[in-house]
>>> print(open('work18.cif').read())   # mmCIF, C-alpha atoms
data_final
loop_
_atom_site.label_atom_id
_atom_site.label_comp_id
_atom_site.auth_asym_id
_atom_site.auth_seq_id
_atom_site.Cartn_x
_atom_site.Cartn_y
_atom_site.Cartn_z
CA MET A 1 64.55 167.07 106.88
CA LYS A 2 64.39 164.54 104.02
CA LYS A 3 63.57 165.23 100.39
CA ARG A 4 60.03 164.95 99.05
CA THR A 5 59.06 161.54 97.76
CA ASP A 6 55.81 162.50 96.01
CA TYR A 7 57.39 164.29 93.04
CA ILE A 8 56.38 163.35 89.48
CA ASP A 9 58.50 161.16 87.23
CA TRP A 10 59.99 162.33 83.91
CA ASP A 11 57.23 160.80 81.77
CA THR A 12 54.55 162.60 83.75
CA TYR A 13 56.52 165.84 83.66
CA PHE A 14 57.05 165.89 79.89
CA MET A 15 53.56 164.61 79.08
CA GLY A 16 52.27 167.35 81.38
CA VAL A 17 54.09 169.89 79.19
CA ALA A 18 52.48 168.32 76.10
CA LEU A 19 49.06 168.47 77.75
CA LEU A 20 49.56 172.10 78.72
CA SER A 21 50.60 172.88 75.15
CA SER A 22 47.43 171.20 73.83
CA LEU A 23 45.40 173.82 75.68
CA ARG A 24 46.64 176.39 73.14
CA SER A 25 44.81 174.58 70.33
CA LYS A 26 41.64 176.28 69.11
CA ASP A 27 40.31 173.08 67.53
CA PRO A 28 36.84 172.46 69.03
CA ASN A 29 37.10 168.66 68.60
CA THR A 30 40.67 167.50 69.14
CA GLN A 31 43.40 169.33 71.03
CA VAL A 32 46.83 167.75 70.67
CA GLY A 33 50.10 168.81 72.27
CA ALA A 34 53.66 167.61 71.70
CA CYS A 35 56.93 168.01 73.56
CA ILE A 36 60.31 166.87 72.20
CA VAL A 37 63.02 166.03 74.72
CA ASN A 38 66.70 165.30 74.13
CA GLN A 39 68.82 162.65 75.87
CA ASP A 40 69.79 165.14 78.58
CA LYS A 41 66.11 165.56 79.57
CA ARG A 42 65.97 169.04 78.02
CA ILE A 43 62.92 170.25 76.11
CA VAL A 44 63.97 171.14 72.57
CA GLY A 45 60.58 171.59 70.87
CA ILE A 46 56.92 172.13 71.73
CA GLY A 47 53.85 172.30 69.51
CA TYR A 48 50.08 172.04 69.29
CA ASN A 49 47.62 171.59 66.43
CA GLY A 50 46.41 174.69 64.62
CA PHE A 51 46.38 176.60 61.35
CA PRO A 52 49.60 177.86 59.72
CA TYR A 53 50.91 181.33 60.51
CA GLY A 54 49.04 183.96 58.53
CA CYS A 55 45.92 181.83 58.06
CA ASP A 56 43.20 183.49 60.11
CA ASP A 57 41.52 180.80 62.19
CA ASP A 58 38.25 182.72 61.99
CA GLU A 59 38.27 182.43 58.19
CA TYR A 60 39.03 178.71 57.91
CA PRO A 61 36.68 175.85 58.79
CA TRP A 62 36.96 173.84 61.99
CA ASN A 63 34.50 171.20 60.75
CA ASN A 64 35.59 167.59 60.90
CA GLU A 65 32.86 166.31 58.55
CA GLY A 66 31.68 167.23 55.08
CA ASP A 67 33.40 168.14 51.83
CA PHE A 68 37.18 167.89 52.39
CA ILE A 69 37.91 171.47 51.35
CA ASN A 70 35.36 172.71 53.90
CA THR A 71 36.88 170.79 56.80
CA LYS A 72 39.92 171.52 58.94
CA TYR A 73 41.92 168.62 57.49
CA PRO A 74 43.64 170.29 54.53
CA TYR A 75 44.68 173.25 56.70
CA VAL A 76 45.64 172.15 60.21
CA VAL A 77 49.31 171.69 61.11
CA HIS A 78 49.64 168.83 63.59
CA ALA A 79 51.24 169.25 67.00
CA GLU A 80 54.15 166.95 66.13
CA THR A 81 54.97 168.94 63.01
CA ASN A 82 54.83 172.21 64.93
CA ALA A 83 57.11 170.76 67.63
CA ILE A 84 59.63 169.77 64.95
CA LEU A 85 59.42 173.19 63.31
CA ASN A 86 59.77 174.92 66.70
CA SER A 87 62.79 172.82 67.70
CA THR A 88 65.92 174.59 68.83
CA THR A 89 68.49 171.91 68.00
CA SER A 90 69.00 168.58 66.25
CA LEU A 91 66.33 166.02 67.08
CA LYS A 92 68.61 163.03 66.62
CA ASN A 93 67.89 160.42 69.33
CA CYS A 94 65.20 162.57 70.95
CA THR A 95 61.93 161.41 72.52
CA LEU A 96 58.54 162.78 71.50
CA TYR A 97 55.83 163.10 74.15
CA VAL A 98 52.47 163.53 72.44
CA THR A 99 48.91 163.42 73.71
CA LEU A 100 47.60 161.49 70.66
CA PHE A 101 49.45 158.77 68.72
CA PRO A 102 50.91 160.32 65.55
CA CYS A 103 49.32 159.89 62.14
CA HIS A 104 51.25 158.38 59.22
CA GLU A 105 52.18 161.83 57.85
CA CYS A 106 53.65 162.94 61.17
CA CYS A 107 55.50 159.64 61.53
CA LYS A 108 57.32 160.32 58.26
CA LEU A 109 58.55 163.62 59.68
CA LEU A 110 59.43 162.09 63.05
CA ILE A 111 61.48 159.38 61.36
CA GLN A 112 63.26 161.87 59.11
CA SER A 113 64.03 164.18 62.04
CA GLY A 114 65.85 161.46 63.98
CA ILE A 115 63.42 160.95 66.86
CA ARG A 116 63.95 157.48 68.38
CA GLU A 117 61.05 157.10 70.83
CA ILE A 118 57.40 158.15 70.99
CA VAL A 119 55.53 158.31 74.28
CA TYR A 120 51.80 158.87 73.88
CA LEU A 121 48.69 159.18 76.01
CA GLU A 122 45.86 158.17 73.65
CA ASP A 123 45.56 156.02 70.51
CA LYS A 124 41.96 156.74 69.51
CA TYR A 125 42.65 155.96 65.83
CA ASN A 126 44.13 152.54 66.56
CA ASN A 127 43.77 150.09 63.65
CA THR A 128 42.75 152.75 61.11
CA PRO A 129 44.68 152.70 57.82
CA SER A 130 46.71 155.76 58.89
CA ASN A 131 47.56 154.18 62.24
CA ILE A 132 48.54 150.86 60.68
CA ALA A 133 50.80 152.64 58.18
CA ALA A 134 52.33 154.76 60.96
CA LYS A 135 53.17 151.75 63.10
CA ARG A 136 54.55 149.87 60.09
CA MET A 137 56.96 152.73 59.30
CA LEU A 138 57.98 153.10 62.95
CA ALA A 139 58.77 149.38 63.13
CA SER A 140 60.85 149.55 59.94
CA ALA A 141 62.77 152.55 61.26
CA ASN A 142 63.31 150.88 64.68
CA ILE A 143 61.53 153.66 66.53
CA SER A 144 59.96 152.53 69.77
CA TYR A 145 56.65 153.76 71.08
CA ARG A 146 54.80 153.25 74.31
CA LYS A 147 51.58 154.35 75.92
CA ILE A 148 51.59 155.82 79.40
CA LYS A 149 48.74 155.65 81.85
CA PRO A 150 46.43 158.66 82.14
CA PHE A 151 47.19 160.82 85.16
CA SER A 152 46.05 163.99 86.85
CA ILE A 153 48.14 166.77 88.29
CA LYS A 154 46.99 169.22 90.91
CA ILE A 155 48.39 172.72 90.56
CA GLY A 156 47.87 175.09 93.47
CA ASP A 157 45.30 174.73 96.24
#
>>> encode(input="work18.cif", output="structure tokens")
Amino acid sequence: MKKRTDYIDWDTYFMGVALLSSLRSKDPNTQVGACIVNQDKRIVGIGYNGFPYGCDDDEYPWNNEGDFINTKYPYVVHAETNAILNSTTSLKNCTLYVTLFPCHECCKLLIQSGIREIVYLEDKYNNTPSNIAAKRMLASANISYRKIKPFSIKIGD
């Protein structure tokens, strides 16, 4: 008997973990997941977008429009930040798998943490000021990024 040939590649595997993590997000509009992987192909951090510990998500707004203080934006911790905070080891030379291209604020943290590559699934904010700033910083810091093709995975029957 020969080995299976229809197994998934590493990008699909780790992005699948990021996608699964995104399902933990309670955000009604945008669910983002992140998975940080070291050079040995070991997962060293996982995160999703949500409110900080101790902030009851039934007491804070989930709105994405209106007066800033009454939207989710000043309160939500992004998936990338949570993955960094949940990391179990140094992130030097690691790869981030994330379902949505990181904003400029997350890119600052990714650069500072030592991550060297970003693999993403969507870039829905492409060419916005935040996205332009993020890509400018990544270029200056010599951090590569690449988009992977959408995929589907069947689990079970």
>>> closest_residue(input="work18.cif", among="A:Gln39, A:Ser130, A:Thr99, A:Thr89", to="Ser113 of chain A", atoms="all atoms listed in the file")
A:Thr89
>>> residues_around(input="work18.cif", residues="segment 72-86 of chain A", least_positions_apart="6", cutoff="10 Å", atoms="only C-alpha atoms", output="MDAnalysis selection string")
chainID A and resid 18 21:22 25 27 31:36 44:53 55 57 60:65 96:103 105:107 109:110 113 115
>>> write_last_selection(input="work18.cif", atoms="C-alpha atoms", output="CSV table (one decimal), in the frame of the given file")
chain,number,residue,atom,x,y,z
A,18,ALA,CA,52.5,168.3,76.1
A,21,SER,CA,50.6,172.9,75.2
A,22,SER,CA,47.4,171.2,73.8
A,25,SER,CA,44.8,174.6,70.3
A,27,ASP,CA,40.3,173.1,67.5
A,31,GLN,CA,43.4,169.3,71.0
A,32,VAL,CA,46.8,167.8,70.7
A,33,GLY,CA,50.1,168.8,72.3
A,34,ALA,CA,53.7,167.6,71.7
A,35,CYS,CA,56.9,168.0,73.6
A,36,ILE,CA,60.3,166.9,72.2
A,44,VAL,CA,64.0,171.1,72.6
A,45,GLY,CA,60.6,171.6,70.9
A,46,ILE,CA,56.9,172.1,71.7
A,47,GLY,CA,53.8,172.3,69.5
A,48,TYR,CA,50.1,172.0,69.3
A,49,ASN,CA,47.6,171.6,66.4
A,50,GLY,CA,46.4,174.7,64.6
A,51,PHE,CA,46.4,176.6,61.4
A,52,PRO,CA,49.6,177.9,59.7
A,53,TYR,CA,50.9,181.3,60.5
A,55,CYS,CA,45.9,181.8,58.1
A,57,ASP,CA,41.5,180.8,62.2
A,60,TYR,CA,39.0,178.7,57.9
A,61,PRO,CA,36.7,175.8,58.8
A,62,TRP,CA,37.0,173.8,62.0
A,63,ASN,CA,34.5,171.2,60.8
A,64,ASN,CA,35.6,167.6,60.9
A,65,GLU,CA,32.9,166.3,58.6
A,96,LEU,CA,58.5,162.8,71.5
A,97,TYR,CA,55.8,163.1,74.2
A,98,VAL,CA,52.5,163.5,72.4
A,99,THR,CA,48.9,163.4,73.7
A,100,LEU,CA,47.6,161.5,70.7
A,101,PHE,CA,49.4,158.8,68.7
A,102,PRO,CA,50.9,160.3,65.6
A,103,CYS,CA,49.3,159.9,62.1
A,105,GLU,CA,52.2,161.8,57.8
A,106,CYS,CA,53.6,162.9,61.2
A,107,CYS,CA,55.5,159.6,61.5
A,109,LEU,CA,58.6,163.6,59.7
A,110,LEU,CA,59.4,162.1,63.0
A,113,SER,CA,64.0,164.2,62.0
A,115,ILE,CA,63.4,161.0,66.9
>>> atom_distance(input="work18.cif", atom1="atom CA of Ala139 of chain A", atom2="atom CA of Leu91 of chain A")
18.7 Å
>>> closest_residue(input="work18.cif", among="A:Thr88, A:Asp6, A:Glu122, A:Lys26", to="Asp58 of chain A", atoms="all atoms listed in the file")
A:Lys26
>>> atom_distance(input="work18.cif", atom1="atom CA of Thr5 of chain A", atom2="atom CA of Leu23 of chain A")
28.7 Å
>>> atom_distance(input="work18.cif", atom1="atom CA of Asn142 of chain A", atom2="atom CA of Ile111 of chain A")
9.3 Å
